[in-house]
>>> print(open('protein-v1.cif').read())   # mmCIF, C-alpha atoms and all ligand atoms
data_structure
loop_
_atom_site.label_atom_id
_atom_site.label_comp_id
_atom_site.auth_asym_id
_atom_site.auth_seq_id
_atom_site.Cartn_x
_atom_site.Cartn_y
_atom_site.Cartn_z
CA MET X 198 -8.58 46.42 -11.44
CA GLU X 199 -4.79 46.18 -11.65
CA LYS X 200 -2.95 44.67 -14.63
CA ILE X 201 0.02 42.50 -13.84
CA ASP X 202 2.04 39.76 -15.60
CA VAL X 203 1.92 37.02 -12.96
CA VAL X 204 -0.16 36.52 -9.82
CA VAL X 205 1.09 33.79 -7.48
CA LEU X 206 -1.49 32.66 -4.91
CA GLY X 207 0.14 31.30 -1.75
CA ALA X 208 3.46 32.49 -0.30
CA GLY X 209 4.72 29.11 0.89
CA ALA X 210 7.78 27.29 -0.39
CA ALA X 211 6.45 26.64 -3.90
CA GLY X 212 4.84 30.06 -4.41
CA MET X 213 7.90 32.01 -3.24
CA MET X 214 10.27 30.04 -5.42
CA CYS X 215 7.97 30.47 -8.42
CA ALA X 216 7.64 34.22 -7.85
CA ILE X 217 11.44 34.59 -7.58
CA GLU X 218 12.03 32.73 -10.83
CA ALA X 219 9.38 34.66 -12.75
CA GLY X 220 10.61 37.96 -11.28
CA LYS X 221 14.18 37.17 -12.36
CA ARG X 222 12.88 36.91 -15.94
CA GLY X 223 11.63 40.48 -15.71
CA ARG X 224 7.99 39.57 -15.20
CA ARG X 225 5.96 41.86 -12.93
CA VAL X 226 4.91 39.51 -10.14
CA VAL X 227 2.47 39.79 -7.26
CA LEU X 228 2.78 37.12 -4.54
CA LEU X 229 -0.25 36.97 -2.31
CA ASP X 230 -1.11 35.14 0.93
CA HIS X 231 -3.92 35.35 3.45
CA ALA X 232 -1.48 34.81 6.32
CA GLU X 233 0.17 37.72 8.09
CA ARG X 234 3.62 36.43 7.11
CA VAL X 235 5.22 34.34 4.38
CA GLY X 236 6.26 30.69 4.68
CA LYS X 237 4.57 29.76 7.94
CA LYS X 238 5.04 26.03 7.31
CA ILE X 239 8.71 26.54 6.53
CA LEU X 240 9.08 28.11 9.96
CA ILE X 241 7.70 25.11 11.85
CA SER X 242 9.25 22.51 9.56
CA GLY X 243 11.96 20.13 10.65
CA GLY X 244 11.39 20.98 14.30
CA GLY X 245 12.18 24.65 13.55
CA ARG X 246 15.33 23.85 11.54
CA CYS X 247 13.69 23.15 8.15
CA ASN X 248 14.78 19.96 6.46
CA PHE X 249 15.02 21.92 3.22
CA THR X 250 16.13 19.15 0.85
CA ASN X 251 17.43 15.61 0.58
CA ILE X 252 20.64 14.90 -1.29
CA HIS X 253 19.34 11.47 -2.37
CA CYS X 254 16.15 12.90 -3.88
CA ARG X 255 14.87 10.76 -6.76
CA PRO X 256 11.48 10.45 -8.46
CA GLU X 257 11.07 7.10 -6.64
CA ASN X 258 10.72 9.02 -3.38
CA PHE X 259 7.34 10.44 -4.40
CA LEU X 260 3.78 9.13 -4.54
CA SER X 261 1.57 10.09 -7.46
CA GLU X 262 -0.91 8.43 -9.80
CA ASN X 263 1.74 9.12 -12.44
CA PRO X 264 5.12 8.25 -10.92
CA HIS X 265 6.96 9.77 -13.92
CA PHE X 266 5.40 13.23 -13.71
CA ALA X 267 7.81 14.70 -11.14
CA LYS X 268 10.93 13.73 -13.12
CA SER X 269 11.08 16.82 -15.30
CA ALA X 270 10.77 19.41 -12.52
CA LEU X 271 13.08 17.47 -10.20
CA ALA X 272 15.73 17.43 -12.93
CA ARG X 273 15.31 21.18 -13.64
CA PHE X 274 15.98 22.20 -10.06
CA THR X 275 17.95 19.63 -8.07
CA PRO X 276 19.06 19.39 -4.43
CA SER X 277 22.46 20.74 -5.61
CA ASP X 278 20.71 23.85 -6.98
CA MET X 279 18.98 24.35 -3.65
CA ILE X 280 22.23 23.83 -1.74
CA ALA X 281 23.94 26.38 -4.02
CA MET X 282 21.23 28.92 -3.20
CA VAL X 283 21.48 28.23 0.53
CA GLU X 284 25.29 28.59 0.38
CA ARG X 285 25.05 31.84 -1.63
CA HIS X 286 23.15 33.23 1.32
CA GLY X 287 25.72 32.00 3.82
CA ILE X 288 23.29 29.64 5.56
CA ARG X 289 25.04 26.91 7.51
CA TYR X 290 23.51 23.46 7.33
CA HIS X 291 24.21 19.83 8.16
CA GLU X 292 23.14 16.36 7.12
CA LYS X 293 21.19 14.78 9.94
CA THR X 294 20.54 11.31 8.60
CA LEU X 295 19.61 9.59 5.33
CA GLY X 296 20.62 12.60 3.19
CA GLN X 297 18.35 15.02 5.07
CA LEU X 298 19.77 18.58 5.14
CA PHE X 299 18.75 20.89 8.00
CA CYS X 300 19.71 24.47 8.86
CA ASP X 301 22.27 24.62 11.67
CA ARG X 302 20.54 27.61 13.21
CA SER X 303 16.88 28.05 12.32
CA ALA X 304 14.26 27.80 9.59
CA HIS X 305 14.16 31.62 9.78
CA ASP X 306 17.32 31.56 7.66
CA ILE X 307 15.42 29.97 4.76
CA ILE X 308 12.61 32.55 5.06
CA THR X 309 15.13 35.41 5.09
CA MET X 310 16.81 33.93 2.02
CA LEU X 311 13.53 33.66 0.12
CA GLU X 312 12.46 37.17 1.14
CA ARG X 313 15.79 38.59 -0.07
CA GLU X 314 15.50 36.73 -3.36
CA CYS X 315 11.95 38.05 -3.76
CA ALA X 316 13.17 41.61 -3.14
CA GLU X 317 16.02 41.20 -5.66
CA ALA X 318 13.57 39.90 -8.25
CA SER X 319 11.19 42.83 -7.52
CA VAL X 320 8.38 40.53 -6.41
CA ARG X 321 5.58 42.46 -4.73
CA ILE X 322 4.36 40.57 -1.66
CA ILE X 323 0.83 41.22 -0.40
CA LEU X 324 -0.07 39.65 2.93
CA GLY X 325 -3.41 39.35 4.69
CA ALA X 326 -5.17 39.03 1.32
CA ILE X 327 -7.52 36.10 0.75
CA ALA X 328 -7.67 34.59 -2.73
CA ILE X 329 -11.39 34.31 -3.40
CA SER X 330 -11.78 33.31 -7.04
CA VAL X 331 -10.16 33.16 -10.46
CA HIS X 332 -12.11 33.72 -13.68
CA ARG X 333 -11.16 33.52 -17.32
CA ASN X 334 -12.16 36.22 -19.83
CA ASP X 335 -9.58 37.37 -22.40
CA HIS X 336 -7.16 37.31 -19.50
CA LEU X 337 -7.26 35.61 -16.15
CA GLU X 338 -8.90 37.63 -13.41
CA VAL X 339 -8.03 37.09 -9.75
CA HIS X 340 -10.45 38.32 -7.10
CA THR X 341 -8.98 38.78 -3.66
CA SER X 342 -10.41 40.17 -0.44
CA ASP X 343 -8.88 43.57 -1.33
CA THR X 344 -8.67 43.93 -5.08
CA VAL X 345 -8.95 42.42 -8.55
CA PHE X 346 -5.93 41.59 -10.72
CA GLN X 347 -5.98 41.05 -14.45
CA SER X 348 -3.13 38.80 -15.35
CA GLU X 349 -1.59 36.67 -18.11
CA SER X 350 -0.52 33.96 -15.69
CA VAL X 351 -1.94 32.80 -12.38
CA VAL X 352 -0.02 30.29 -10.29
CA ILE X 353 -1.90 28.31 -7.66
CA ALA X 354 0.48 27.55 -4.78
CA THR X 355 -2.05 27.37 -1.97
CA GLY X 356 -0.77 24.05 -0.61
CA GLY X 357 -2.62 21.07 0.85
CA LEU X 358 -5.08 20.47 3.68
CA SER X 359 -2.68 19.57 6.48
CA ILE X 360 -2.65 21.67 9.67
CA PRO X 361 -5.84 23.69 9.05
CA LYS X 362 -5.16 25.83 12.11
CA MET X 363 -2.11 27.24 10.27
CA GLY X 364 -4.27 28.49 7.43
CA ALA X 365 -4.49 25.50 5.08
CA THR X 366 -7.45 25.77 2.71
CA ALA X 367 -9.00 23.69 -0.06
CA PHE X 368 -8.79 26.72 -2.38
CA GLY X 369 -6.48 25.08 -4.95
CA TYR X 370 -8.57 21.92 -5.25
CA THR X 371 -11.87 23.80 -5.49
CA LEU X 372 -10.46 26.11 -8.14
CA ALA X 373 -9.11 23.19 -10.17
CA GLU X 374 -12.55 21.57 -10.14
CA GLN X 375 -14.20 24.85 -11.06
CA PHE X 376 -12.07 24.86 -14.24
CA GLY X 377 -13.00 21.23 -14.96
CA LEU X 378 -9.66 19.77 -13.86
CA ARG X 379 -9.70 16.37 -12.17
CA VAL X 380 -8.52 16.19 -8.56
CA VAL X 381 -7.16 12.89 -7.21
CA GLU X 382 -8.91 12.14 -3.93
CA CYS X 383 -6.99 13.63 -1.00
CA ARG X 384 -6.01 11.96 2.26
CA PRO X 385 -3.64 12.81 5.11
CA GLY X 386 -0.04 11.62 4.63
CA LEU X 387 3.02 11.45 6.89
CA VAL X 388 0.55 11.10 9.73
CA PRO X 389 0.46 9.05 12.98
CA LEU X 390 -1.75 5.96 12.92
CA VAL X 391 -4.44 5.22 15.49
CA PHE X 392 -4.66 1.72 17.03
CA SER X 393 -7.78 -0.42 17.06
CA ALA X 394 -9.46 -0.48 20.49
CA GLU X 395 -7.87 -3.86 21.26
CA ASN X 396 -4.34 -2.75 20.32
CA ARG X 397 -4.79 0.47 22.24
CA GLU X 398 -5.63 -1.50 25.37
CA GLN X 399 -2.61 -3.73 24.83
CA TRP X 400 -0.01 -1.10 23.99
CA CYS X 401 -0.82 2.52 24.83
CA ASP X 402 0.45 2.38 28.42
CA LEU X 403 3.87 2.04 26.77
CA ALA X 404 3.54 5.48 25.10
CA GLY X 405 6.98 6.96 24.55
CA VAL X 406 8.73 3.63 23.88
CA SER X 407 10.45 3.49 20.49
CA ALA X 408 12.28 0.91 18.40
CA GLU X 409 13.90 0.61 15.00
CA VAL X 410 11.63 -1.35 12.67
CA VAL X 411 10.87 -1.87 9.01
CA ALA X 412 7.32 -0.64 8.32
CA ARG X 413 5.17 -1.31 5.28
CA SER X 414 1.53 -0.57 4.44
CA GLY X 415 -0.74 -3.07 2.75
CA THR X 416 0.51 -5.93 0.64
CA ARG X 417 1.20 -4.41 -2.79
CA PRO X 418 4.88 -4.89 -3.66
CA ARG X 419 5.67 -1.42 -5.08
CA ARG X 420 5.11 0.31 -1.77
CA GLY X 421 8.13 1.27 0.27
CA ASN X 422 9.69 -0.60 3.18
CA PHE X 423 10.83 2.00 5.67
CA ARG X 424 13.60 1.13 8.12
CA GLU X 425 13.48 3.85 10.74
CA LYS X 426 12.26 4.51 14.27
CA MET X 427 8.72 3.67 15.37
CA LEU X 428 7.16 5.28 18.44
CA ILE X 429 4.24 4.09 20.56
CA THR X 430 1.90 7.02 21.33
CA HIS X 431 -1.13 7.50 23.58
CA ARG X 432 -3.39 6.66 20.63
CA GLY X 433 -1.34 4.45 18.35
CA LEU X 434 1.92 4.56 16.46
CA SER X 435 4.13 7.34 15.13
CA GLY X 436 7.83 7.94 14.41
CA PRO X 437 9.45 8.23 10.99
CA ALA X 438 8.88 4.60 9.94
CA ILE X 439 5.15 4.86 10.64
CA LEU X 440 4.78 8.34 9.09
CA GLN X 441 6.41 7.07 5.91
CA ALA X 442 4.20 3.96 5.75
CA SER X 443 1.09 6.05 6.51
CA SER X 444 1.33 7.85 3.16
CA TYR X 445 0.74 4.51 1.44
CA TRP X 446 -1.98 3.39 3.86
CA SER X 447 -5.69 3.24 3.11
CA PRO X 448 -8.45 2.44 5.64
CA GLY X 449 -9.00 -1.30 6.04
CA GLU X 450 -5.39 -2.16 5.21
CA THR X 451 -2.87 -3.68 7.56
CA VAL X 452 0.51 -2.27 8.48
CA THR X 453 3.31 -4.81 8.76
CA LEU X 454 6.26 -4.25 11.07
CA ASP X 455 9.53 -6.12 11.16
CA LEU X 456 10.54 -5.66 14.79
CA ALA X 457 14.00 -7.17 14.37
CA PRO X 458 15.27 -6.43 10.86
CA ASP X 459 17.99 -8.81 9.63
CA LEU X 460 18.17 -10.72 12.91
CA LYS X 461 17.34 -14.28 13.94
CA VAL X 462 16.20 -13.36 17.41
CA LEU X 463 15.11 -16.73 18.75
CA ALA X 464 18.09 -18.68 17.37
CA PRO X 465 19.62 -19.11 20.86
CA LEU X 466 16.53 -21.09 21.95
CA LEU X 467 17.05 -23.55 19.11
CA ALA X 468 20.52 -24.51 20.31
CA LYS X 469 20.98 -27.92 21.91
CA ASN X 470 20.22 -28.05 25.65
CA SER X 471 19.08 -24.41 25.74
CA ARG X 472 16.07 -23.29 27.77
CA ARG X 473 12.81 -23.01 25.92
CA ASP X 474 10.19 -21.03 27.76
CA ALA X 475 8.66 -17.58 27.97
CA ALA X 476 11.53 -16.27 30.11
CA ALA X 477 14.13 -17.40 27.57
CA ALA X 478 12.10 -15.92 24.72
CA MET X 479 11.78 -12.63 26.59
CA ASN X 480 15.53 -12.52 27.15
CA ALA X 481 16.14 -13.04 23.47
CA VAL X 482 13.59 -10.42 22.37
CA ARG X 483 14.89 -7.95 24.99
CA ALA X 484 18.21 -8.02 23.15
CA VAL X 485 16.57 -6.33 20.15
CA LEU X 486 13.62 -4.36 21.55
CA PRO X 487 13.26 -2.06 24.57
CA ALA X 488 12.63 -4.24 27.64
CA ARG X 489 9.01 -3.23 28.28
CA MET X 490 8.06 -3.66 24.67
CA ALA X 491 9.80 -7.03 24.45
CA GLU X 492 8.02 -8.30 27.54
CA ARG X 493 4.63 -7.13 26.32
CA TRP X 494 5.15 -8.54 22.85
CA VAL X 495 6.18 -11.99 24.11
CA ALA X 496 3.36 -12.04 26.68
CA LEU X 497 0.84 -11.34 23.89
CA HIS X 498 2.33 -13.89 21.50
CA ASN X 499 3.29 -16.69 23.87
CA PRO X 500 2.95 -20.02 22.00
CA ASP X 501 1.23 -23.07 23.53
CA ASP X 502 4.41 -25.10 23.30
CA TRP X 503 8.07 -24.49 22.51
CA THR X 504 8.65 -26.88 19.62
CA ASN X 505 10.91 -25.91 16.71
CA ALA X 506 7.81 -25.18 14.63
CA SER X 507 6.34 -22.89 17.31
CA LEU X 508 9.64 -21.05 17.65
CA ALA X 509 9.86 -20.61 13.87
CA ALA X 510 6.29 -19.24 13.83
CA LEU X 511 7.12 -16.85 16.67
CA GLU X 512 10.26 -15.69 14.86
CA GLN X 513 8.20 -15.03 11.75
CA ARG X 514 5.63 -13.02 13.70
CA LEU X 515 8.43 -10.85 15.06
CA HIS X 516 9.39 -10.03 11.48
CA GLN X 517 5.83 -9.71 10.24
CA TRP X 518 3.82 -8.16 13.03
CA ARG X 519 0.53 -7.25 11.34
CA LEU X 520 -1.67 -4.52 12.75
CA LEU X 521 -4.98 -3.21 11.50
CA PRO X 522 -5.06 0.51 12.38
CA ALA X 523 -8.43 2.08 13.09
CA GLY X 524 -7.42 5.24 11.23
CA THR X 525 -5.00 8.15 11.20
CA GLU X 526 -4.68 11.28 13.33
CA GLY X 527 -6.06 13.21 10.34
CA TYR X 528 -5.10 16.51 8.74
CA ALA X 529 -4.61 18.15 12.15
CA LYS X 530 -1.44 16.06 12.61
CA ALA X 531 -0.52 15.24 9.00
CA GLU X 532 2.61 16.77 7.47
CA VAL X 533 1.26 16.52 3.95
CA THR X 534 -1.78 15.84 1.80
CA VAL X 535 -1.60 12.83 -0.51
CA GLY X 536 -3.52 13.31 -3.79
CA GLY X 537 -4.39 16.65 -5.38
CA VAL X 538 -4.62 18.15 -8.85
CA ASP X 539 -4.27 15.27 -11.31
CA THR X 540 -0.88 15.46 -13.03
CA ALA X 541 -2.55 14.41 -16.29
CA GLU X 542 -4.09 17.90 -16.32
CA LEU X 543 -0.66 19.59 -16.21
CA ASP X 544 2.34 19.95 -18.47
CA ALA X 545 5.24 18.32 -16.59
CA LYS X 546 7.83 20.85 -17.82
CA THR X 547 5.92 24.01 -16.93
CA MET X 548 3.18 22.91 -14.50
CA GLN X 549 0.72 24.76 -16.71
CA SER X 550 -2.83 23.48 -17.07
CA ARG X 551 -3.39 21.78 -20.41
CA LYS X 552 -7.01 22.99 -20.48
CA VAL X 553 -6.59 26.54 -19.16
CA PRO X 554 -3.63 28.40 -20.69
CA GLY X 555 -1.97 30.68 -18.16
CA LEU X 556 -3.15 28.72 -15.12
CA TYR X 557 -0.41 26.86 -13.20
CA PHE X 558 -0.39 24.57 -10.15
CA VAL X 559 2.73 24.01 -8.03
CA GLY X 560 3.76 22.40 -4.75
CA GLU X 561 1.61 20.31 -2.48
CA VAL X 562 -1.68 21.11 -4.22
CA VAL X 563 -0.52 18.83 -7.07
CA ASP X 564 -0.83 15.04 -6.84
CA VAL X 565 2.86 14.59 -6.02
CA THR X 566 3.75 13.73 -2.41
CA GLY X 567 7.24 13.17 -1.11
CA TRP X 568 8.54 10.85 1.55
CA LEU X 569 9.54 12.25 4.91
CA GLY X 570 13.03 13.79 4.86
CA GLY X 571 13.16 16.99 2.81
CA TYR X 572 11.50 15.58 -0.31
CA ASN X 573 8.35 17.69 -0.03
CA PHE X 574 10.28 20.94 0.06
CA GLN X 575 12.42 19.77 -2.86
CA TRP X 576 9.21 19.19 -4.82
CA ALA X 577 7.90 22.63 -3.78
CA TRP X 578 11.14 24.37 -4.90
CA ALA X 579 11.43 22.36 -8.12
CA SER X 580 7.81 22.68 -9.25
CA GLY X 581 7.89 26.37 -8.30
CA VAL X 582 10.99 26.97 -10.43
CA SER X 583 9.49 25.09 -13.39
CA ALA X 584 6.37 27.25 -13.36
CA GLY X 585 8.40 30.41 -12.71
CA GLU X 586 10.44 29.78 -15.84
CA SER X 587 7.26 29.75 -17.93
CA ALA X 588 4.60 31.90 -16.24
P1 LIG N 601 2.32 25.71 1.79
O1 LIG N 601 1.25 25.08 2.59
O2 LIG N 601 3.67 25.81 2.38
O3 LIG N 601 1.89 27.17 1.35
C1 LIG N 601 0.59 27.47 0.92
C2 LIG N 601 0.29 28.92 1.25
O4 LIG N 601 -0.96 29.29 0.67
C3 LIG N 601 0.19 29.17 2.74
O5 LIG N 601 1.09 30.20 3.08
C4 LIG N 601 -1.27 29.57 2.96
O6 LIG N 601 -1.39 30.55 3.95
C5 LIG N 601 -1.65 30.09 1.58
N1 LIG N 601 -3.09 30.01 1.26
C6 LIG N 601 -3.89 28.93 1.33
N2 LIG N 601 -5.13 29.25 0.90
C7 LIG N 601 -5.10 30.57 0.59
C8 LIG N 601 -6.08 31.49 0.10
N3 LIG N 601 -7.35 31.12 -0.18
N4 LIG N 601 -5.72 32.79 -0.10
C9 LIG N 601 -4.44 33.19 0.14
N5 LIG N 601 -3.49 32.37 0.60
C10 LIG N 601 -3.81 31.06 0.81
N6 LIG N 601 8.67 19.08 4.26
C11 LIG N 601 10.01 18.93 4.09
O7 LIG N 601 10.46 18.70 2.96
N7 LIG N 601 10.86 19.04 5.16
C12 LIG N 601 10.42 19.29 6.43
O8 LIG N 601 11.22 19.46 7.36
C13 LIG N 601 9.00 19.40 6.62
N8 LIG N 601 8.48 19.56 7.88
C14 LIG N 601 7.14 19.74 8.04
C15 LIG N 601 6.62 19.93 9.33
C16 LIG N 601 5.26 20.11 9.51
C17 LIG N 601 4.71 20.27 10.91
C18 LIG N 601 4.40 20.16 8.38
C19 LIG N 601 2.94 20.40 8.54
C20 LIG N 601 4.91 19.96 7.11
C21 LIG N 601 6.28 19.73 6.92
N9 LIG N 601 6.81 19.51 5.65
C22 LIG N 601 8.16 19.33 5.50
C23 LIG N 601 5.95 19.55 4.44
C24 LIG N 601 6.09 20.93 3.78
O9 LIG N 601 5.92 21.93 4.76
C25 LIG N 601 5.06 21.13 2.66
O10 LIG N 601 5.10 20.05 1.77
C26 LIG N 601 5.35 22.43 1.91
O11 LIG N 601 5.27 23.52 2.80
C27 LIG N 601 4.39 22.63 0.75
O12 LIG N 601 4.67 23.87 0.19
P2 LIG N 601 3.55 24.67 -0.63
O13 LIG N 601 4.19 25.97 -0.97
O14 LIG N 601 3.01 23.83 -1.71
O15 LIG N 601 2.35 24.89 0.41
#
>>> encode(input="protein-v1.cif", output="structure tokens", more="lines below")
Ligand code: FDA
Amino acid sequence: MEKIDVVVLGAGAAGMMCAIEAGKRGRRVVLLDHAERVGKKILISGGGRCNFTNIHCRPENFLSENPHFAKSALARFTPSDMIAMVERHGIRYHEKTLGQLFCDRSAHDIITMLERECAEASVRIILGAIAISVHRNDHLEVHTSDTVFQSESVVIATGGLSIPKMGATAFGYTLAEQFGLRVVECRPGLVPLVFSAENREQWCDLAGVSAEVVARSGTRPRRGNFREKMLITHRGLSGPAILQASSYWSPGETVTLDLAPDLKVLAPLLAKNSRRDAAAAMNAVRAVLPARMAERWVALHNPDDWTNASLAALEQRLHQWRLLPAGTEGYAKAEVTVGGVDTAELDAKTMQSRKVPGLYFVGEVVDVTGWLGGYNFQWAWASGVSAGESA
């Protein structure tokens, strides 16, 4: 049995940042992961360029049973702090869209930066070691596949359930429950939606067609409206607008799409002496949607007549196209896990368990889920720093 100050389980974004912060305080830190290398999700993130933060990051960009919980950590370590770190390491980056910052070169740059910071903070990294269990005696005891650590602080940074083939495990959730901590039910987030059989028949031959839409899940007002691209896939819908809405979606709910935000598409048909028929409607819709999608949409929604009332109803349907998805593509395709360790169990400033002194939870394993666009990494960095300042 080895005695150590802090054991961090999981060498992803949150665990590495936590280990660095604790190490900088002079704590003896072991950072452990069952993978053969650190930060595997960082490497594949942002299409290999890692969307490492978002300059517009605010607590409103996160889902949680307690929408206030993330405020403290997000204020402790802000996007500016992350940018300062990235710049200290000479990493070049750019804003792609909507405040999303990506590496110019590669996500490898972020990994190299974190590894260097770990080395400077004397963090000992152990790879290929599976976290098996944590017990509490006088101290906390961590059992791994190789050894046992006795430690004052144990930080659980084992992430969520998304992409199991990359090594995601339910370890953090199971451990929380073992210590009597409540876990908010998990579901895949930032995930493509699967059409009903009828919609699949109607639309999937158009796979690859995309359009800018405003997407919203369900009918509750506090959920976001996401104006971004939507993509038709071989099984349903994807693209940023759909991924964003999916995090708010529950089975049995509809998804509403505005296919022509801010536009009165059929107005030309209402003008005096103008043509009113399917061809005229198609022409008008083609001006705002890709041709094949416009044609299909009008063919499926053709009214019986072309009165003003029918045109108004058609216009409204364009702005409120309601679909009832059959499901999602699941954790295999999800970028994140919604739900997780109940924030009521944790101290918002330190991420420490209220019931189990010395036990911390950071990153995706906690019931805080960001929107698409660099928010999830910002949460991982910020929650990691908060715990690292205390553990
Ligand atoms: P993370 O999952 O990164 O790390 C957990 C670690 O724990 C892993 O290294 C795992 O191997 C280890 N582990 C698990 N169980 C273990 C056990 N029993 N024993 C030992 N080790 C164990 N976000 C963003 O902001 N910008 C982006 O560009 C992207 N892009 C993106 C693309 C794709 C394809 C995915 C799947 C996800 C994203 N994300 C993202 C989301 C982001 O990657 C995610 O939110 C963070 O990586 C979460 O960081 P954590 O450190 O909490 O978990």
>>> atom_distance(input="protein-v1.cif", atom1="CA of Ala438 (chain X)", atom2="CA of Ala412 (chain X)")
5.7 Å
>>> residues_around(input="protein-v1.cif", residues="Val226 (chain X)", least_positions_apart="3", cutoff="8 Å", atoms="all atoms listed in the file", output="JSON, numbers by chain")
{"X": [201, 202, 203, 204, 205, 216, 219, 220, 319, 320, 321]}
>>> residues_around(input="protein-v1.cif", residues="His253 (chain X)", least_positions_apart="2", cutoff="12 Å", atoms="all atoms listed in the file", output="PyMOL selection string")
chain X and resi 250-251+255-258+271+275-277+292+294-298+568+570-572+575
>>> residues_near_ligand(input="protein-v1.cif", ligand="ligand LIG 601 (chain N)", cutoff="7 Å", atoms="all atoms listed in the file", output="mmCIF file with C-alpha atoms, in the coordinates of the input")
data_model
loop_
_atom_site.group_PDB
_atom_site.id
_atom_site.type_symbol
_atom_site.label_atom_id
_atom_site.label_comp_id
_atom_site.auth_asym_id
_atom_site.auth_seq_id
_atom_site.Cartn_x
_atom_site.Cartn_y
_atom_site.Cartn_z
ATOM 1 C CA LEU X 206 -1.490 32.660 -4.910
ATOM 2 C CA GLY X 207 0.140 31.300 -1.750
ATOM 3 C CA ALA X 208 3.460 32.490 -0.300
ATOM 4 C CA GLY X 209 4.720 29.110 0.890
ATOM 5 C CA ALA X 210 7.780 27.290 -0.390
ATOM 6 C CA ALA X 211 6.450 26.640 -3.900
ATOM 7 C CA GLY X 212 4.840 30.060 -4.410
ATOM 8 C CA LEU X 229 -0.250 36.970 -2.310
ATOM 9 C CA ASP X 230 -1.110 35.140 0.930
ATOM 10 C CA HIS X 231 -3.920 35.350 3.450
ATOM 11 C CA ALA X 232 -1.480 34.810 6.320
ATOM 12 C CA VAL X 235 5.220 34.340 4.380
ATOM 13 C CA GLY X 236 6.260 30.690 4.680
ATOM 14 C CA LYS X 237 4.570 29.760 7.940
ATOM 15 C CA LYS X 238 5.040 26.030 7.310
ATOM 16 C CA ILE X 239 8.710 26.540 6.530
ATOM 17 C CA ILE X 241 7.700 25.110 11.850
ATOM 18 C CA SER X 242 9.250 22.510 9.560
ATOM 19 C CA GLY X 243 11.960 20.130 10.650
ATOM 20 C CA GLY X 244 11.390 20.980 14.300
ATOM 21 C CA CYS X 247 13.690 23.150 8.150
ATOM 22 C CA ASN X 248 14.780 19.960 6.460
ATOM 23 C CA PHE X 249 15.020 21.920 3.220
ATOM 24 C CA THR X 250 16.130 19.150 0.850
ATOM 25 C CA ALA X 326 -5.170 39.030 1.320
ATOM 26 C CA ILE X 327 -7.520 36.100 0.750
ATOM 27 C CA ALA X 328 -7.670 34.590 -2.730
ATOM 28 C CA ILE X 329 -11.390 34.310 -3.400
ATOM 29 C CA ALA X 354 0.480 27.550 -4.780
ATOM 30 C CA THR X 355 -2.050 27.370 -1.970
ATOM 31 C CA GLY X 356 -0.770 24.050 -0.610
ATOM 32 C CA GLY X 357 -2.620 21.070 0.850
ATOM 33 C CA SER X 359 -2.680 19.570 6.480
ATOM 34 C CA ILE X 360 -2.650 21.670 9.670
ATOM 35 C CA GLY X 364 -4.270 28.490 7.430
ATOM 36 C CA ALA X 365 -4.490 25.500 5.080
ATOM 37 C CA THR X 366 -7.450 25.770 2.710
ATOM 38 C CA ALA X 367 -9.000 23.690 -0.060
ATOM 39 C CA PHE X 368 -8.790 26.720 -2.380
ATOM 40 C CA ALA X 531 -0.520 15.240 9.000
ATOM 41 C CA GLU X 532 2.610 16.770 7.470
ATOM 42 C CA VAL X 533 1.260 16.520 3.950
ATOM 43 C CA VAL X 559 2.730 24.010 -8.030
ATOM 44 C CA GLY X 560 3.760 22.400 -4.750
ATOM 45 C CA GLU X 561 1.610 20.310 -2.480
ATOM 46 C CA VAL X 562 -1.680 21.110 -4.220
ATOM 47 C CA LEU X 569 9.540 12.250 4.910
ATOM 48 C CA GLY X 570 13.030 13.790 4.860
ATOM 49 C CA GLY X 571 13.160 16.990 2.810
ATOM 50 C CA TYR X 572 11.500 15.580 -0.310
ATOM 51 C CA ASN X 573 8.350 17.690 -0.030
ATOM 52 C CA PHE X 574 10.280 20.940 0.060
ATOM 53 C CA GLN X 575 12.420 19.770 -2.860
ATOM 54 C CA ALA X 577 7.900 22.630 -3.780
#
>>> residues_around(input="protein-v1.cif", residues="Arg432 (chain X)", least_positions_apart="2", cutoff="8 Å", atoms="all atoms listed in the file", output="list in words")
Leu390, Val391, Phe392, Arg397, Cys401, Thr430 and Leu434 of chain X
>>> residues_around(input="protein-v1.cif", residues="Arg483 (chain X)", least_positions_apart="5", cutoff="8 Å", atoms="only C-alpha atoms", output="PDB file with C-alpha atoms, in the frame of the given file")
ATOM      1  CA  ALA X 488      12.630  -4.240  27.640  1.00  0.00           C
ATOM      2  CA  ALA X 491       9.800  -7.030  24.450  1.00  0.00           C
ATOM      3  CA  GLU X 492       8.020  -8.300  27.540  1.00  0.00           C
TER       4      GLU X 492
END
>>> closest_residue(input="protein-v1.cif", among="X:Leu403, X:Ala506, X:Gly245, X:Trp446", to="Pro487 (chain X)", atoms="all atoms listed in the file")
X:Leu403
